[in-house]
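Colleague: To start, I am sharing the structure in question, which I have written as structure tokens.
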Amino acid sequence: MDFKSKLKAKIFHTVGEAADGLGMEAYVVGGYVRDLFLDRGSKDIDFVTVGSGIELAQKVSEKLGRGAKCTYFKNFGTAQVKFRGKEYEFVGARKESYNRDSRNPIVENGTLDDDISRRDFTINAMAVSVNPESFGQLVDRFGGVDDLERRVIRTPLDPDITFSDDPLRMFRAIRFATQLDFAIDPDTLAAIARNAHRIEILSRERIEVEINKIMASKKPSIGWMLMRDTGLLDQFFPELKALSGVEIVKGRGHKDNFLHTMEVLDKVAAASDNLWLRWAALLHDIAKPVTKRFDPSAGWTFHNHNFIGSKMVPKIFRRLKLPLDERVKYVQKLVELHMRPIALVEEVTDSAVRRLIFESGNDLEDLMTLCRADITSKNAEKVRRHLENFELVMEKMRVINEKDNLRNWQPPIDGAQIMKLFGIGQSREVGEIKNHEKECLLESDTPNDLNLALKLILEKGEELGLKPDPEELQAISTEATAR
Ligand code: ATP
Ligand code: MG
């Protein structure tokens with residue numbers, strides 16, 4: 001491969017000339033070189049020099065002139081140059097050694113070979129010279145080009161040592177396999193299985209970064225399958241592992257819920273880039289193992305798995321260091337509601353449709369994407385029929401929503417008005433009255449009818465022994481007539 005023509009940007013020559021001026025060697029290394037081969041856009045560029053990375057960065061910054069900004073970290077011997085929206089990293093070639101309890105190595109200055117040998121995979125362990133004399137020459141000590149052509153992830157050195165030294169590399173191996181759709185070399189894969197327990201020294205935040213890169217990939221199931229097969233799942237995500245396998249009682253088995261989940265996840269990923277919708281797909285059946293029962297007449301049942309699953313979501317998010325804000329609530333909501341559209345296919349009533357529109361609010365489309373993906377029968381005719389019925393439900397939703405605008409629906413009389421009407425403060429009674437109003441309106445054909453709302457409120461108020469204030473009552477009645 002001709003790197004001279006691949007390294008088109010001026011920066012490569014600028015760095016090479018700066019390095020020459022300092023009497024140093026300089027190389028582009030790592031992910032950028034790999035991505036050149038793969039014609040994959042790569043945003044940051046890493047340079048290694050045999051010598052001081054900081055000195056080189058300063059020189060480069062000087063050469064670039066106005067608009068270049070150099071920052072450096074003396075303790076780490078690293079420097080960064082920002083120029084016209086791009087970021088360039090500089091570091092001196094280094095040698096690393098590890099002790100057992102930490103993934104932070106002891107670092108010394110080293111040769112280019114030392115630096116390349118400490119890198120995680122052969123495809124990430126290539127360098128290309130940028131010094132004018134040797135511009136574009138590839139240094140590939142471990143067969144990185146071959147592995148790129150064979151589409152294989154392989155460690156340059158003994159994989160057991162590589163993974164034991166820094167267990168994050170196991171997740172990185174699986175993450176690259178997923179992103180690039182590469183296989184993991186059998187020896188490397190077997191070493192991941194042997195060292196899976198080493199992830200105990202990793203922080204969950206580091207794992208989270210890799211997992212979300214897997215989730216953002218085109219086909220996230222590749223990564224989850226590898227994590228299951230290597231035993232990594234047992235270490236950090238037992239609930240997901242528990243979905244795996246089929247139990248047979250009296251000759252009747254249920255489907256493998258792990259494989260089903262993988263299929264749903266990939267289908268959702270094909271339909272949407274929304275990371276949290278993908279998480280909802282991964283977790284939609286998470287409570288199946290804990291709710292599983294065998295009933296001699298009904299066969300396998302998973303009663304309430306949607307509801308119990310939604311309750312499991314925050315605990316999983318907390319452990320995996322996923323966000324605990326509105327994003328976890330969104331995932332919970334989709335897990336809880338994921339059976340509802342299917343139920344509608346079987347029995348579609350206006351009030352059930354209204355209720356679902358109201359409860360899913362702005363997430364209705366996402367819910368439907370999840371539900372469509374959830375239909376994974378092997379029977380093509382059955383899938384076709386289901387999807388067809390689904391379209392009918394969607395049409396019904398559209399019609400009902402157009403009429404009553406239920407997306408962001410609120411009952412016509414709110415809590416403040418209820419308090420004023422009965423001359424009471426915030427209390428359990430207000431909640432009960434409001435709930436009665438909401439429930440009955442959703443059952444009715446006219447959820448926005450103010451007269452009906454008032455009638456419901458008075459009815460519940462009376463039941464609770466409350467008397468309406470005549471003036472307030474008059475005011476609301478007048479408004480109702482005017483509408
Ligand atoms: P991407 O930026 O797409 O995540 P990358 O390969 O550039 O991929 P970085 O994390 O940016 O990954 O790391 C840059 C380079 O540093 C890698 O290509 C690899 O050579 C090396 N590297 C990064 N992390 C490790 C690690 N944990 N162990 C060994 N080498 C590593
Ligand atoms: Mg990178």
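By order in the structure tokens, chains are A, B, ...; within a chain, residues start at 1; ligands start at 1, following the order shown.
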Mind listing the residues within 8 Å of ligand 2, only C-alpha atoms and all ligand atoms counted, as a short mmCIF file (atom, residue, chain, number, x, y, z; two decimals) with N, CA, C and O atoms, in the first residue's frame?
Modeller:
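Below is the file that was written, part.cif:
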data_model
loop_
_atom_site.label_atom_id
_atom_site.label_comp_id
_atom_site.auth_asym_id
_atom_site.auth_seq_id
_atom_site.Cartn_x
_atom_site.Cartn_y
_atom_site.Cartn_z
N GLY A 30 -0.94 3.71 15.35
CA GLY A 30 -2.18 3.24 15.98
C GLY A 30 -3.39 3.33 15.09
O GLY A 30 -3.35 3.06 13.89
N GLY A 31 -4.50 3.76 15.71
CA GLY A 31 -5.81 3.74 15.05
C GLY A 31 -5.84 4.46 13.71
O GLY A 31 -6.52 4.02 12.79
N TYR A 32 -5.06 5.55 13.61
CA TYR A 32 -5.10 6.31 12.36
C TYR A 32 -4.56 5.48 11.20
O TYR A 32 -5.12 5.50 10.10
N SER A 42 -11.17 8.73 10.51
CA SER A 42 -10.60 8.64 11.85
C SER A 42 -10.37 10.07 12.30
O SER A 42 -9.81 10.85 11.54
N LYS A 43 -10.82 10.41 13.52
CA LYS A 43 -10.73 11.84 13.80
C LYS A 43 -9.40 12.27 14.42
O LYS A 43 -8.78 13.19 13.91
N ASP A 44 -8.92 11.56 15.45
CA ASP A 44 -7.66 12.05 16.01
C ASP A 44 -6.47 11.33 15.40
O ASP A 44 -6.55 10.20 14.94
N ILE A 45 -5.35 12.08 15.36
CA ILE A 45 -4.12 11.51 14.79
C ILE A 45 -3.07 11.45 15.90
O ILE A 45 -2.84 12.44 16.60
N ASP A 46 -2.48 10.27 16.07
CA ASP A 46 -1.44 10.11 17.10
C ASP A 46 -0.07 10.02 16.44
O ASP A 46 0.14 9.25 15.51
#
Colleague: Could the residues that lie within 10 Å of ligand 1, counting only C-alpha atoms and all ligand atoms, be listed as a PyMOL selection string?
Modeller: chain A and resi 29-35+40-46+89+96+103-104+115-127+155+162-163+165-173+175-176+179+209-210+213
Colleague: Glu365 (chain A): which residues within 12 Å, counting only C-alpha atoms, same-chain residues fewer than 6 positions away excluded, as a ChimeraX atom specification?
Modeller: /A:271-272,274,277,334,338,341,356-357,371-372,394,397-398,407
Colleague: Can you list, as a list in words, every protein, DNA or RNA residue that comes within 12 Å of Glu347 (chain A) when you count only C-alpha atoms, leaving out same-chain residues fewer than 5 positions away?
Modeller: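 The residues satisfying every condition are Arg340, Pro341, Ile342, Ala352, Val353, Asn389, Phe390, Leu392 and Val393 of chain A.
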Colleague: List as a list in words the protein and nucleic acid residues near Met312 (chain A), meaning an atom at most 8 Å away when only C-alpha atoms are counted, but skip any in the same chain fewer than 3 places from it.
Modeller: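 So the residues in contact are Ile286, Ala287, Ile308, Gly309, Lys315 and Ile316 of chain A.
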Colleague: With N, CA and C atoms kept, could you save the residues just selected as a PDB file, in the first residue's frame?
Modeller:
ATOM      1  N   ILE A 286     -35.522  -8.769  29.983  1.00  0.00           N
ATOM      2  CA  ILE A 286     -34.509  -9.075  31.000  1.00  0.00           C
ATOM      3  C   ILE A 286     -35.091  -9.847  32.203  1.00  0.00           C
ATOM      4  N   ALA A 287     -36.394  -9.687  32.435  1.00  0.00           N
ATOM      5  CA  ALA A 287     -36.996 -10.382  33.585  1.00  0.00           C
ATOM      6  C   ALA A 287     -37.567 -11.749  33.221  1.00  0.00           C
ATOM      7  N   ILE A 308     -41.757  -6.315  35.785  1.00  0.00           N
ATOM      8  CA  ILE A 308     -40.618  -6.622  36.667  1.00  0.00           C
ATOM      9  C   ILE A 308     -39.303  -6.226  35.995  1.00  0.00           C
ATOM     10  N   GLY A 309     -39.243  -6.430  34.684  1.00  0.00           N
ATOM     11  CA  GLY A 309     -38.054  -6.020  33.939  1.00  0.00           C
ATOM     12  C   GLY A 309     -37.811  -4.522  34.067  1.00  0.00           C
ATOM     13  N   LYS A 315     -31.328  -0.648  38.547  1.00  0.00           N
ATOM     14  CA  LYS A 315     -30.237  -1.338  39.251  1.00  0.00           C
ATOM     15  C   LYS A 315     -29.119  -1.688  38.270  1.00  0.00           C
ATOM     16  N   ILE A 316     -29.498  -2.157  37.099  1.00  0.00           N
ATOM     17  CA  ILE A 316     -28.509  -2.498  36.072  1.00  0.00           C
ATOM     18  C   ILE A 316     -27.787  -1.246  35.601  1.00  0.00           C
TER      19      ILE A 316
END
Colleague: So which one's closest to Asn405 (chain A), A:Ser427, A:Thr446, A:Lys378, A:Leu180? Using only C-alpha atoms, please.
Modeller: A:Thr446
Colleague: If you measure from CA of Gly461 (chain A) to CA of Gln417 (chain A), what distance in Å do you get, rounded to one decimal?
Modeller: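 CA of Gln417 (chain A) lies at a distance of 12.9 Å from CA of Gly461 (chain A).
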